[in-house]
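Participant: This is data39.txt, which holds compact mmCIF, C-alpha atoms:
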# COMPACT_ATOMS: atom_id res chain seq x y z
CA MET G 1 28.31 73.07 11.36
CA GLU G 2 32.07 72.78 11.69
CA THR G 3 31.68 70.59 14.78
CA SER G 4 29.28 68.22 13.11
CA ALA G 5 31.47 68.07 9.98
CA SER G 6 34.52 67.24 12.05
CA GLN G 7 32.60 64.54 13.85
CA ARG G 8 31.60 62.98 10.54
CA ALA G 9 35.19 63.20 9.33
CA ASP G 10 36.54 61.56 12.47
CA SER G 11 33.98 58.77 12.44
CA THR G 12 35.26 55.41 11.25
CA THR G 13 33.17 52.55 9.93
CA PHE G 14 34.15 48.89 9.95
CA GLU G 15 32.83 46.18 7.64
CA LEU G 16 32.35 42.99 9.63
CA PRO G 17 32.72 39.75 7.67
CA VAL G 18 29.46 37.91 7.17
CA GLN G 19 29.75 34.74 9.22
CA LYS G 20 27.74 31.76 8.15
CA GLU G 21 25.80 30.40 11.07
CA ASP G 22 27.13 26.99 12.01
CA ASP G 23 24.51 24.41 12.92
CA PHE G 24 27.06 21.81 14.02
CA TYR G 25 28.30 23.72 17.06
CA ILE G 26 26.38 21.27 19.22
CA LEU G 27 28.73 18.51 18.08
CA THR G 28 31.46 20.13 20.21
CA GLU G 29 29.72 18.60 23.22
CA ARG G 30 31.01 15.24 21.97
CA ILE G 31 34.15 16.28 20.09
CA PRO G 32 35.58 19.59 21.38
CA ASN G 33 38.20 20.05 18.66
CA ARG G 34 36.38 21.40 15.62
CA ASN G 35 39.45 21.04 13.41
CA SER G 36 39.97 17.37 14.11
CA ILE G 37 39.38 14.66 11.55
CA ALA G 38 36.90 12.95 13.88
CA PHE G 39 34.76 16.10 14.02
CA ARG G 40 34.73 16.49 10.25
CA LEU G 41 33.92 12.85 9.65
CA ARG G 42 31.21 12.83 12.29
CA ARG G 43 29.50 15.76 10.58
CA LEU G 44 28.94 13.54 7.57
CA PHE G 45 26.83 11.18 9.70
CA LEU G 46 24.51 13.89 11.04
CA ILE G 47 21.37 15.18 9.39
CA ASP G 48 22.04 17.28 6.30
CA ARG G 49 19.61 20.06 5.56
CA GLN G 50 20.36 19.80 1.82
CA HIS G 51 19.12 16.22 1.76
CA PRO G 52 15.78 16.06 -0.12
CA CYS G 53 14.08 14.01 2.61
CA ALA G 54 15.38 16.34 5.33
CA ALA G 55 14.08 19.34 3.39
CA LEU G 56 10.70 17.60 3.17
CA HIS G 57 10.25 16.42 6.77
CA PHE G 58 12.32 19.08 8.60
CA ARG G 59 11.55 22.22 6.64
CA SER G 60 12.04 24.83 9.33
CA ARG G 61 15.38 25.55 10.96
CA CYS G 62 13.82 24.92 14.36
CA LEU G 63 12.83 21.36 13.44
CA TYR G 64 16.19 20.78 11.84
CA ARG G 65 18.16 21.95 14.89
CA ARG G 66 15.95 19.98 17.24
CA GLU G 67 16.57 16.79 15.27
CA LEU G 68 20.28 17.55 15.19
CA ALA G 69 20.41 18.11 18.95
CA ARG G 70 18.39 14.95 19.60
CA HIS G 71 20.87 12.94 17.58
CA VAL G 72 24.05 14.39 19.11
CA ARG G 73 22.83 14.37 22.71
CA GLY G 74 21.25 10.93 22.50
CA ASP G 75 22.77 7.70 23.75
CA TYR G 76 23.23 6.44 20.19
CA TRP G 77 24.93 9.48 18.73
CA TYR G 78 27.27 7.24 16.68
CA ILE G 79 24.34 6.04 14.54
CA ILE G 80 24.27 7.25 10.93
CA HIS G 81 21.28 9.50 10.27
CA PRO G 82 19.23 8.34 7.25
CA PHE G 83 19.19 11.94 5.93
CA SER G 84 22.93 12.54 6.30
CA ARG G 85 25.42 13.48 3.61
CA PHE G 86 27.22 10.17 3.98
CA ARG G 87 24.00 8.20 3.56
CA PHE G 88 23.14 10.18 0.44
CA GLY G 89 26.48 9.33 -1.15
CA TRP G 90 26.12 5.70 -0.14
CA GLU G 91 22.64 5.51 -1.70
CA MET G 92 24.09 6.73 -4.99
CA TRP G 93 26.50 3.80 -4.89
CA LEU G 94 23.73 1.37 -3.85
CA THR G 95 21.75 2.36 -6.95
CA PHE G 96 24.58 1.12 -9.13
CA TYR G 97 25.22 -1.90 -6.88
CA PHE G 98 21.60 -3.13 -6.80
CA TYR G 99 21.12 -2.70 -10.53
CA THR G 100 24.36 -4.57 -11.23
CA ILE G 101 23.09 -7.42 -9.04
CA ALA G 102 19.85 -7.44 -11.04
CA LEU G 103 21.90 -8.16 -14.16
CA LEU G 104 24.66 -10.35 -12.69
CA PHE G 105 22.73 -12.85 -10.57
CA PRO G 106 20.28 -13.97 -13.32
CA PHE G 107 23.25 -14.36 -15.66
CA LEU G 108 25.07 -16.56 -13.14
CA PHE G 109 21.93 -18.58 -12.49
CA CYS G 110 21.10 -19.24 -16.16
CA PHE G 111 24.43 -19.26 -18.02
CA THR G 112 27.04 -20.45 -15.52
CA PRO G 113 25.55 -23.35 -13.58
CA VAL G 114 28.53 -25.69 -13.95
CA LEU G 115 31.54 -23.44 -14.44
CA PRO G 116 34.75 -24.68 -12.83
CA ILE G 117 36.14 -22.45 -10.12
CA GLN G 118 38.39 -19.98 -11.95
CA TRP G 119 40.08 -16.73 -10.99
CA GLN G 120 37.10 -14.82 -12.41
CA ALA G 121 34.83 -16.59 -9.96
CA TYR G 122 37.12 -15.70 -7.06
CA ALA G 123 37.23 -12.06 -8.18
CA ILE G 124 33.44 -11.87 -8.41
CA GLN G 125 33.05 -13.58 -5.04
CA PHE G 126 35.61 -11.31 -3.38
CA SER G 127 33.91 -8.19 -4.76
CA LEU G 128 30.47 -9.36 -3.64
CA ASN G 129 31.77 -10.25 -0.16
CA ALA G 130 33.53 -6.90 0.25
CA LEU G 131 30.53 -4.88 -0.91
CA GLY G 132 28.14 -7.06 1.05
CA SER G 133 30.15 -6.71 4.27
CA THR G 134 30.33 -2.94 3.88
CA SER G 135 26.62 -2.68 3.10
CA PHE G 136 25.75 -4.93 6.05
CA THR G 137 27.80 -2.84 8.49
CA ILE G 138 26.40 0.47 7.29
CA ARG G 139 22.85 -0.86 7.34
CA VAL G 140 23.18 -2.05 10.94
CA PHE G 141 24.34 1.41 12.07
CA THR G 142 21.90 3.51 10.03
CA GLY G 143 18.62 4.82 11.38
CA TYR G 144 15.32 4.81 9.51
CA LEU G 145 12.19 6.93 9.23
CA GLU G 146 9.45 5.11 11.12
CA ASP G 147 6.56 7.56 10.68
CA ALA G 148 6.59 10.40 8.15
CA ARG G 149 3.64 12.17 9.76
CA THR G 150 5.31 12.55 13.14
CA ARG G 151 8.85 12.86 11.69
CA ASN G 152 9.96 9.99 13.92
CA VAL G 153 13.47 8.92 12.92
CA VAL G 154 14.55 5.82 14.84
CA LEU G 155 18.16 6.03 16.06
CA HIS G 156 17.98 3.26 18.68
CA GLN G 157 20.52 0.51 17.97
CA GLY G 158 18.28 -2.34 19.08
CA LYS G 159 15.27 -1.17 17.08
CA ILE G 160 17.43 -0.68 14.00
CA PHE G 161 18.74 -4.24 14.32
CA LEU G 162 15.23 -5.71 14.70
CA HIS G 163 13.94 -3.66 11.77
CA TYR G 164 16.80 -4.90 9.60
CA LEU G 165 16.25 -8.49 10.80
CA LYS G 166 12.60 -8.36 9.70
CA ASN G 167 13.51 -7.17 6.21
CA GLU G 168 16.69 -8.27 4.43
CA MET G 169 19.29 -9.26 7.03
CA LEU G 170 19.17 -13.02 6.39
CA ILE G 171 19.61 -12.47 2.65
CA ASP G 172 22.57 -10.16 3.20
CA ILE G 173 24.19 -12.64 5.60
CA PHE G 174 23.87 -15.36 2.98
CA LEU G 175 25.70 -13.16 0.46
CA LEU G 176 28.60 -12.81 2.92
CA ILE G 177 29.34 -16.54 2.71
CA PRO G 178 32.25 -17.32 0.32
CA HIS G 179 30.34 -19.84 -1.77
CA ASN G 180 33.04 -20.48 -4.35
CA LEU G 181 35.61 -21.36 -1.69
CA LEU G 182 33.20 -23.74 -0.01
CA LEU G 183 32.21 -25.34 -3.30
CA THR G 184 35.88 -25.87 -4.15
CA VAL G 185 36.21 -27.94 -0.99
CA PHE G 186 32.87 -29.68 -1.47
CA PHE G 187 33.13 -30.57 -5.15
CA ASP G 188 35.18 -33.64 -6.03
CA GLU G 189 35.51 -36.00 -8.93
CA THR G 190 32.70 -38.23 -7.66
CA LEU G 191 30.07 -35.59 -8.45
CA ASN G 192 28.76 -35.72 -12.00
CA TYR G 193 27.49 -32.88 -14.16
CA ASP G 194 23.88 -33.03 -12.96
CA GLN G 195 24.82 -33.00 -9.29
CA GLN G 196 27.13 -30.02 -9.68
CA ALA G 197 24.52 -28.14 -11.72
CA PHE G 198 21.86 -28.85 -9.09
CA ILE G 199 24.04 -27.48 -6.27
CA MET G 200 25.04 -24.39 -8.24
CA ASP G 201 21.40 -23.72 -9.15
CA ILE G 202 20.46 -23.76 -5.48
CA VAL G 203 23.27 -21.36 -4.58
CA HIS G 204 22.54 -18.94 -7.42
CA GLY G 205 18.81 -19.17 -6.78
CA LEU G 206 19.27 -18.15 -3.16
CA MET G 207 21.54 -15.30 -4.24
CA MET G 208 18.74 -13.97 -6.45
CA LEU G 209 16.70 -13.28 -3.34
CA LYS G 210 18.78 -10.10 -3.08
CA LEU G 211 16.72 -8.73 -5.96
CA VAL G 212 14.12 -7.61 -3.42
CA SER G 213 16.45 -4.67 -2.74
CA LEU G 214 15.65 -3.29 -6.17
CA ARG G 215 12.55 -1.64 -4.73
CA HIS G 216 14.81 1.02 -3.20
CA ILE G 217 16.30 2.16 -6.50
CA SER G 218 13.47 4.49 -7.46
CA GLY G 219 13.67 6.47 -4.20
CA TYR G 220 17.45 6.72 -4.41
CA MET G 221 17.30 8.03 -7.96
CA VAL G 222 14.67 10.64 -7.11
CA ASN G 223 16.77 11.91 -4.20
CA THR G 224 19.80 12.20 -6.46
CA PHE G 225 17.97 14.19 -9.11
CA GLU G 226 16.34 16.49 -6.55
CA ARG G 227 19.61 17.07 -4.69
CA PHE G 228 21.46 18.19 -7.80
CA LYS G 229 18.49 20.17 -9.18
CA ILE G 230 18.18 18.01 -12.29
CA ASP G 231 14.95 18.06 -14.23
CA LEU G 232 12.85 15.02 -13.35
CA LEU G 233 12.13 14.54 -17.03
CA TYR G 234 15.62 13.07 -17.34
CA TYR G 235 14.85 10.79 -14.39
CA TYR G 236 11.82 9.33 -16.17
CA PHE G 237 13.86 8.87 -19.33
CA LEU G 238 16.61 7.08 -17.38
CA ARG G 239 14.05 4.94 -15.61
CA VAL G 240 12.55 3.79 -18.92
CA VAL G 241 16.03 2.89 -20.18
CA LEU G 242 16.86 0.91 -17.03
CA ILE G 243 13.52 -0.89 -17.10
CA SER G 244 13.95 -1.79 -20.77
CA VAL G 245 17.48 -3.13 -20.31
CA ALA G 246 16.44 -5.17 -17.26
CA ILE G 247 13.40 -6.65 -19.02
CA VAL G 248 15.40 -7.67 -22.08
CA HIS G 249 18.15 -9.17 -19.91
CA TRP G 250 15.70 -11.19 -17.84
CA CYS G 251 13.92 -12.40 -20.96
CA VAL G 252 17.25 -13.56 -22.37
CA CYS G 253 17.91 -15.53 -19.19
CA ILE G 254 14.43 -17.05 -19.28
CA TYR G 255 14.88 -17.93 -22.95
CA LYS G 256 18.10 -19.75 -22.07
CA LEU G 257 16.31 -21.96 -19.54
CA ALA G 258 12.96 -22.38 -21.29
CA ILE G 259 13.85 -22.81 -24.97
CA TYR G 260 17.57 -22.76 -25.79
CA GLU G 261 18.62 -25.77 -23.71
CA TRP G 262 15.59 -27.82 -24.77
CA ASP G 263 16.02 -27.12 -28.47
CA ASP G 264 19.67 -28.20 -28.52
CA PRO G 265 20.18 -30.78 -25.75
CA GLU G 266 23.11 -32.50 -27.51
CA ASN G 267 25.38 -29.46 -27.12
CA ALA G 268 25.03 -29.23 -23.38
CA PRO G 269 28.14 -27.69 -21.82
CA VAL G 270 30.55 -29.84 -19.85
CA ALA G 271 31.92 -28.41 -16.61
CA LYS G 272 35.60 -28.97 -17.43
CA GLN G 273 35.27 -27.47 -20.93
CA PHE G 274 32.97 -24.56 -20.22
CA SER G 275 34.28 -21.04 -19.52
CA TYR G 276 32.98 -17.52 -19.02
CA LEU G 277 33.73 -16.74 -22.65
CA ASP G 278 31.48 -19.60 -23.72
CA ALA G 279 28.78 -18.26 -21.40
CA LEU G 280 29.02 -14.83 -23.03
CA GLN G 281 28.80 -16.40 -26.48
CA GLU G 282 25.66 -18.27 -25.45
CA TYR G 283 24.26 -15.03 -24.06
CA ALA G 284 24.89 -13.30 -27.40
CA VAL G 285 23.05 -16.08 -29.26
CA CYS G 286 20.09 -15.90 -26.89
CA LEU G 287 20.06 -12.10 -27.05
CA HIS G 288 19.87 -12.27 -30.84
CA SER G 289 16.93 -14.68 -30.67
CA VAL G 290 15.07 -12.69 -28.03
CA SER G 291 15.65 -9.41 -29.89
CA TRP G 292 14.15 -10.88 -33.06
CA PHE G 293 11.33 -12.39 -31.02
CA MET G 294 10.42 -9.05 -29.43
CA PHE G 295 10.78 -7.19 -32.74
CA ALA G 296 8.55 -9.63 -34.56
CA TYR G 297 5.83 -9.60 -31.95
CA SER G 298 6.00 -5.80 -31.57
CA PHE G 299 5.92 -4.63 -35.19
CA VAL G 300 4.72 -7.59 -37.27
CA ASP G 301 1.24 -9.05 -37.42
CA HIS G 302 2.28 -12.40 -36.04
CA ARG G 303 0.03 -15.23 -34.96
CA VAL G 304 -0.24 -16.41 -31.39
CA PRO G 305 2.62 -18.87 -30.64
CA ALA G 306 1.57 -22.44 -31.24
CA GLY G 307 4.22 -24.24 -29.19
CA THR G 308 3.83 -24.77 -25.47
CA ARG G 309 7.26 -23.37 -24.60
CA ALA G 310 6.74 -20.37 -26.92
CA LYS G 311 3.44 -19.55 -25.21
CA ALA G 312 5.04 -19.87 -21.79
CA PHE G 313 7.93 -17.65 -22.86
CA SER G 314 5.56 -14.96 -24.16
CA SER G 315 3.57 -15.02 -20.92
CA VAL G 316 6.71 -14.84 -18.79
CA CYS G 317 7.99 -11.83 -20.77
CA ILE G 318 4.75 -9.99 -20.05
CA VAL G 319 4.84 -10.92 -16.36
CA VAL G 320 8.47 -9.83 -16.00
CA GLY G 321 7.71 -6.50 -17.66
CA TYR G 322 4.80 -5.72 -15.36
CA ALA G 323 6.79 -6.85 -12.31
CA PHE G 324 9.54 -4.36 -13.06
CA LYS G 325 7.09 -1.61 -13.88
CA ILE G 326 4.73 -1.99 -10.92
CA PHE G 327 6.82 -3.41 -8.07
CA ILE G 328 10.48 -2.58 -8.54
CA PHE G 329 10.28 0.89 -10.05
CA ARG G 330 7.06 2.06 -8.45
CA LYS G 331 6.84 5.62 -7.15
How does this structure look as structure tokens?

Facilitator:
Amino acid sequence: METSASQRADSTTFELPVQKEDDFYILTERIPNRNSIAFRLRRLFLIDRQHPCAALHFRSRCLYRRELARHVRGDYWYIIHPFSRFRFGWEMWLTFYFYTIALLFPFLFCFTPVLPIQWQAYAIQFSLNALGSTSFTIRVFTGYLEDARTRNVVLHQGKIFLHYLKNEMLIDIFLLIPHNLLLTVFFDETLNYDQQAFIMDIVHGLMMLKLVSLRHISGYMVNTFERFKIDLLYYYFLRVVLISVAIVHWCVCIYKLAIYEWDDPENAPVAKQFSYLDALQEYAVCLHSVSWFMFAYSFVDHRVPAGTRAKAFSSVCIVVGYAFKIFIFRK
């Protein structure tokens, strides 16, 4: 008994610290120094297990590590994984960027067709060019999920480029062109109001092609809510608010083109006298009219519009609403 007691007294126990298993050890094959800035930045471009899509398609740790090893050991290891932490943060920014475009481009097309080139125009153009260049570069170097059933994530540079070319590359390249600078050189005193308005309408109309990117917003928002464990009920509430604001804004722009200009043709704006403040004042007037129009036709027993333009405006409002509901914000 004394021997066994002395053995228990002499025995010493050690508590080993619990070490979190590191899944990015394989990255040391490319960047040996784990404490370097390059290693830490490169981790942001690899697949993140906390990403909602990664948790859906690569549920087990075996599948996750195999995808991670395939990415690091591949020839195109510099490509950004579509389920990476960096891509998730960028998609949060794209949600705000695409929705801002959905409000800005129709406003420019309908309310500022003949504005003289001012510092506000240069600021808007510079911001769009900077964001467009960054988005273009990231898109070219970001993989995509080709087949969800086989979990095939394409990381090949050439295939990524062709996939981007078939979708939205030409539209994004057009947005990179500094239109205001070119129009400053092109416009001269020989061009009258109608010619300038026609050219600006073409430019702004082509810029509105970027609205096709709005179809990505719904997926980005769902990923954000699932990543931060937010109840999806708030997502549906936010989606209704965004849809409502976009519909009203588009109807205001359509009202400006379809009714406002035709009802008061004598007060057409002149390029040299028109400013962004005047455009905002016109927007406020149109918003007041459209708000009353929607209120009257929503809560009052009103007859069917008798005028041709009023009927067309009512039909367009319905079409715009269903377009946003079915196409842009579809599940």

Participant: Any idea what's packed within 6 Å of stretch 221-232 of chain G, counting all atoms listed in the file, ignoring anything in its chain fewer than 3 positions away? Could you give it as a ChimeraX atom specification?

Facilitator: /G:52,218,235

Participant: Restricting it to C-alpha atoms, dump the selection as a compact mmCIF listing (two decimals), keeping the file's coordinate frame.

Facilitator:
# COMPACT_ATOMS: atom_id res chain seq x y z
CA PRO G 52 15.78 16.06 -0.12
CA SER G 218 13.47 4.49 -7.46
CA TYR G 235 14.85 10.79 -14.39

Participant: Which one is closest to G:Ile101: G:Leu238, G:Val140, G:Ala246, G:Leu211? Count only C-alpha atoms.

Facilitator: G:Leu211

Participant: Of the candidates G:Lys256, G:Arg49, G:Arg65, G:Arg73, which one gets nearest to G:Phe88 if we count only C-alpha atoms?

Facilitator: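 Using only C-alpha atoms, G:Phe88 sits closest to G:Arg49.
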
Participant: So that I can see what lies close to stretch 128-136 of chain G, please list as a list in words the residues with an atom at most 8 Å from it, counting all atoms listed in the file and leaving out residues fewer than 6 positions away in the same chain.

Facilitator: Met169, Asp172, Ile173, Leu175, Leu176, Ile177 and Pro178 of chain G

Participant: Using C-alpha atoms, can you write the selected residues to a file as a PDB file, keeping the file's coordinate frame?

Facilitator:
ATOM      1  CA  MET G 169      19.290  -9.260   7.030  1.00  0.00           C
ATOM      2  CA  ASP G 172      22.570 -10.160   3.200  1.00  0.00           C
ATOM      3  CA  ILE G 173      24.190 -12.640   5.600  1.00  0.00           C
ATOM      4  CA  LEU G 175      25.700 -13.160   0.460  1.00  0.00           C
ATOM      5  CA  LEU G 176      28.600 -12.810   2.920  1.00  0.00           C
ATOM      6  CA  ILE G 177      29.340 -16.540   2.710  1.00  0.00           C
ATOM      7  CA  PRO G 178      32.250 -17.320   0.320  1.00  0.00           C
TER       8      PRO G 178
END

Participant: How far is it from atom CA of G:Ile254 to atom CA of G:Val290, in Å with one decimal?

Facilitator: 9.8 Å
